[in-house]
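Novice: I'd like to ask some things about the structure below.
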Amino acid sequence: MERAEKHEFVTALNAELADTGVVVVAHYAGLSVAQMTALRASVREAGGSVKVAKNRLVKLALEGTDLEHLSDLFQGPTVLVYSDDPVAAPKAAVDFAKANNKLEILGGALGTTNLNPEGVKSLATMPSLDELRAKLVGMIQTPASRIAQVVNAPAGQLARVFGAYADKDEAA
């Protein structure tokens, strides 16, 4: 990589990281190309991105962002997993790390909050933004369906009473 390419890469990565919601940093030593491709695919499917770059370039890209405190984690072969959704990247990284012990989660950041490996794992167990939206819609719809049941209940009871009288008259 030439100097101009490095500068362009650092600028682009800085812009990406400044707008991201959560970042997970992990060691990937020992992962095969196929395993790394599987990691990229699972993170992309979850709505995130994966970057592997020289630690020095990543540290330069982190300067001036809220994630600057992550610079200490970049030692050895590291990978960045990040997404706008605060749960997507940690969930994808933790799920992949469970299936493959060669991916070691070092920590991460949720905005300006520093996360240790346990913090990343607990963030991964939370429901995603889409799941929370579905629960909220379900909670909103539940009272409406209950109101409809209450309003329709007297009419249903009245119909059952008329039906019982009709059956009684037929039997007599």
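Simple scheme: letters A, B, ... for chains in structure tokens order, numbers from 1 for residues in each chain, numbers from 1 for ligands in the order shown.
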Got a sec: who's within 9 Å of A:Ser128, counting only C-alpha atoms, leaving out chain neighbours fewer than 5 positions off, as a list of chain:residue names?
Specialist: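 Result of the neighbour search: A:Asp85, A:Pro86, A:Val87, A:Ala88, A:Lys91, A:Arg133.
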Novice: Out of A:Ala61, A:Lys102, A:Lys54, A:Ile140, which residue has the shortest atom-to-atom distance to A:Gln35 when counting only C-alpha atoms?
Specialist: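 Closest to A:Gln35, using only C-alpha atoms: A:Lys102.
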Novice: Do you know which residues are at most 7 Å from A:Ala109 counting only C-alpha atoms, after dropping those on the same chain fewer than 3 positions away, and could you put them as an MDAnalysis selection string?
Specialist: chainID A and resid 22:24 67 112:115
Novice: Looking at A:Met126, A:Leu62, A:Ile105, A:Val33, which one is nearest to A:Glu16, with distances taken over only C-alpha atoms?
Specialist: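 Closest candidate: A:Leu62.
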Novice: So that I can check the surroundings of A:Thr11, please list as a list of chain:residue names every protein, DNA and RNA residue that reaches within 12 Å of it, counting only C-alpha atoms and ignoring chain neighbours fewer than 2 positions away.
Specialist: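 Within the cut-off, the hits are A:Ala4, A:Glu5, A:Lys6, A:His7, A:Glu8, A:Phe9, A:Leu13, A:Asn14, A:Ala15, A:Glu16, A:Leu17, A:Ala18, A:Leu57, A:Val58, A:Lys59, A:Leu60, A:Ala61, A:Leu62, A:Glu63, A:Gly64, A:Thr65.
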Novice: At what distance in Å, to one decimal, does atom CA of A:Thr125 lie from atom CA of A:Met139?
Specialist: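 Atom CA of A:Thr125 lies 21.4 Å from atom CA of A:Met139.
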Novice: For the alpha helix (DSSP H) assignment from backbone DSSP, which residues of stretch 16-108 of chain A qualify? Please present them as a PyMOL selection string.
Specialist: chain A and resi 16-18+33-46+55-62+88-99
Novice: Since we have the selection now, will you write its residues out, keeping C-alpha atoms, as a PDB file, in the first residue's frame?
Specialist:
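As written to disk, result.pdb reads:
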ATOM      1  CA  GLU A  16     -17.192   4.597   8.899  1.00  0.00           C
ATOM      2  CA  LEU A  17     -16.244   4.252  12.570  1.00  0.00           C
ATOM      3  CA  ALA A  18     -17.480   7.731  13.459  1.00  0.00           C
ATOM      4  CA  VAL A  33      -9.679 -18.230   4.746  1.00  0.00           C
ATOM      5  CA  ALA A  34     -12.922 -20.226   4.665  1.00  0.00           C
ATOM      6  CA  GLN A  35     -13.591 -19.479   8.337  1.00  0.00           C
ATOM      7  CA  MET A  36     -12.879 -15.776   7.820  1.00  0.00           C
ATOM      8  CA  THR A  37     -15.241 -15.770   4.834  1.00  0.00           C
ATOM      9  CA  ALA A  38     -17.908 -17.426   6.990  1.00  0.00           C
ATOM     10  CA  LEU A  39     -17.387 -14.750   9.665  1.00  0.00           C
ATOM     11  CA  ARG A  40     -17.751 -11.985   7.085  1.00  0.00           C
ATOM     12  CA  ALA A  41     -20.917 -13.599   5.691  1.00  0.00           C
ATOM     13  CA  SER A  42     -22.556 -14.028   9.103  1.00  0.00           C
ATOM     14  CA  VAL A  43     -21.760 -10.451  10.117  1.00  0.00           C
ATOM     15  CA  ARG A  44     -22.969  -9.091   6.767  1.00  0.00           C
ATOM     16  CA  GLU A  45     -26.200 -11.085   7.148  1.00  0.00           C
ATOM     17  CA  ALA A  46     -26.683  -9.518  10.591  1.00  0.00           C
ATOM     18  CA  ASN A  55      -3.102  -1.971  13.699  1.00  0.00           C
ATOM     19  CA  ARG A  56      -1.236   1.278  13.101  1.00  0.00           C
ATOM     20  CA  LEU A  57      -3.710   2.327  10.397  1.00  0.00           C
ATOM     21  CA  VAL A  58      -6.690   1.466  12.593  1.00  0.00           C
ATOM     22  CA  LYS A  59      -5.233   3.478  15.484  1.00  0.00           C
ATOM     23  CA  LEU A  60      -4.844   6.442  13.138  1.00  0.00           C
ATOM     24  CA  ALA A  61      -8.436   5.989  11.942  1.00  0.00           C
ATOM     25  CA  LEU A  62      -9.712   5.931  15.534  1.00  0.00           C
ATOM     26  CA  ALA A  88     -25.995  -7.100  15.512  1.00  0.00           C
ATOM     27  CA  ALA A  89     -22.176  -7.049  15.490  1.00  0.00           C
ATOM     28  CA  PRO A  90     -21.691  -8.428  19.027  1.00  0.00           C
ATOM     29  CA  LYS A  91     -24.256 -11.171  18.429  1.00  0.00           C
ATOM     30  CA  ALA A  92     -22.628 -12.267  15.152  1.00  0.00           C
ATOM     31  CA  ALA A  93     -19.111 -12.149  16.639  1.00  0.00           C
ATOM     32  CA  VAL A  94     -20.051 -14.022  19.824  1.00  0.00           C
ATOM     33  CA  ASP A  95     -22.005 -16.681  17.907  1.00  0.00           C
ATOM     34  CA  PHE A  96     -19.036 -17.222  15.594  1.00  0.00           C
ATOM     35  CA  ALA A  97     -16.618 -17.333  18.554  1.00  0.00           C
ATOM     36  CA  LYS A  98     -18.765 -20.019  20.219  1.00  0.00           C
ATOM     37  CA  ALA A  99     -18.543 -22.173  17.104  1.00  0.00           C
TER      38      ALA A  99
END
Novice: Counting only C-alpha atoms, figure out which residue out of A:Val81, A:Ala26, A:Leu110, A:Met1 gets nearest to A:Glu68.
Specialist: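 Of A:Val81, A:Ala26, A:Leu110, A:Met1, the one nearest A:Glu68 is A:Leu110, counting only C-alpha atoms.
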Novice: Here is a test: counting only C-alpha atoms, which residue of A:Val10, A:Leu70, A:Val50, A:Ala166 is nearest to A:Tyr82?
Specialist: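 Under the stated criterion, the closest residue is A:Val50.
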Novice: Go ahead and compute the interatomic distance for atom CA of A:Gly107 and atom CA of A:Gln75, in Å to one decimal.
Specialist: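 Going from atom CA of A:Gly107 over to atom CA of A:Gln75, I get 12.4 Å.
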Novice: Enter the distance from atom CA of A:Asn101 to atom CA of A:Gly30, in Å, rounded to one decimal.
Specialist: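 Going from atom CA of A:Asn101 over to atom CA of A:Gly30, I get 9.6 Å.
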Novice: Check chain A with DSSP on the backbone and list each residue it calls strand (DSSP E or B), as a list of chain:residue names.
Specialist: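 Of chain A, only A:Val22, A:Val23, A:Val24, A:Val25, A:Ala26, A:His27, A:Gly48, A:Ser49, A:Val50, A:Lys51, A:Thr78, A:Val79, A:Leu80, A:Val81, A:Tyr82, A:Ser83, A:Glu104, A:Ile105, A:Leu106, A:Gly107, A:Gly108, A:Ala109, A:Leu110, A:Thr113, A:Asn114, A:Leu115 fall in strand (DSSP E or B).
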